[in-house]
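Undergrad: Got a structure for you, written out below as structure tokens; questions coming shortly.
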Amino acid sequence: CAKMPKPSQDNDRDLTFCRILLAELEDHHDAWPFLNPVNIKTVPGYRKVIKKPMDFSTIREKLCSCQYQNLEMFIIDVNLVFDNCEKFNEDNSEIGRAGHNMRKFFERRWTELLKSN
Ligand SMILES: Cn1cc(C(=O)NCCCNC(=O)c2ccc(F)cc2)ccc1=O
């Protein structure tokens, strides 16, 4: 059928979830490697290896400028942060472990939030 616009209350719910989830990610103890874009001038190899850099401040900027149509698009960008981290860092490294911890936290929190609805 014709693509019907999503009822606004679903959009509002999705936007609220994105704001809650992003605030919790930014406040997490292990967030420090992901708060700002990786500095491709000071981190050798990063520019070549990671095709689509992503970080929490960029996600914050996209959220505040209505660049996420829905919760799914937001989750894709958050997972990109953690997938980039796994690709570039050893599992047994400080940043590698932070990435695994943050991904586990995020998975648990968004499933909890969606179950609450
Ligand atoms: C995700 N990723 C990050 C880095 C990286 O070196 N990132 C900068 C760490 C230095 N940043 C801090 O220490 C900091 C930042 C904010 C803050 F509030 C407190 C501390 C390298 C490879 C990689 O894959």
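In the structure tokens, the first chain shown is A, the next is B, and so on; residue numbers restart at 1 for each chain, and ligands run from 1 in the order shown.
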What lies within 12 Å of Arg19 in chain A using only C-alpha atoms, ignoring chain neighbours under 2 positions off, as a list of chain:residue names?

TA: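 My list of contacting residues is A:Asp12, A:Arg13, A:Asp14, A:Leu15, A:Thr16, A:Phe17, A:Leu21, A:Leu22, A:Ala23, A:Glu24, A:Leu25, A:Glu26, A:Phe56, A:Ile59, A:Arg60, A:Glu61, A:Lys62, A:Leu63, A:Cys64, A:Cys66, A:Tyr68, A:Asn70, A:Leu71, A:Phe74, A:Ile75, A:Trp110, A:Leu113.
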
Undergrad: Show me which residues are within 12 Å of ligand 1 counting only C-alpha atoms and all ligand atoms, and format the list as a VMD selection string.

TA: chain A and resid 26 to 47 49 to 50 52 to 57 80 to 91 93 to 100 102

Undergrad: DSSP says helix (DSSP H, G or I) for which residues of range 28-84 of chain A? Put them as a PyMOL selection string?

TA: chain A and resi 29-34+46-49+56-64+71-84

Undergrad: Under the rule that only C-alpha atoms are counted, which of A:Asn101, A:Asn11, A:Asn92, A:Thr111 is the nearest residue to Gln69 in chain A?

TA: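 Using only C-alpha atoms, the shortest distance to Gln69 in chain A belongs to A:Asn11.
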
Undergrad: Excluding Glu72 in chain A and its own-chain neighbours fewer than 5 positions away, which residues fall within 10 Å of it when counting only C-alpha atoms? Please give them as an MDAnalysis selection string.

TA: chainID A and resid 14 18 77:78
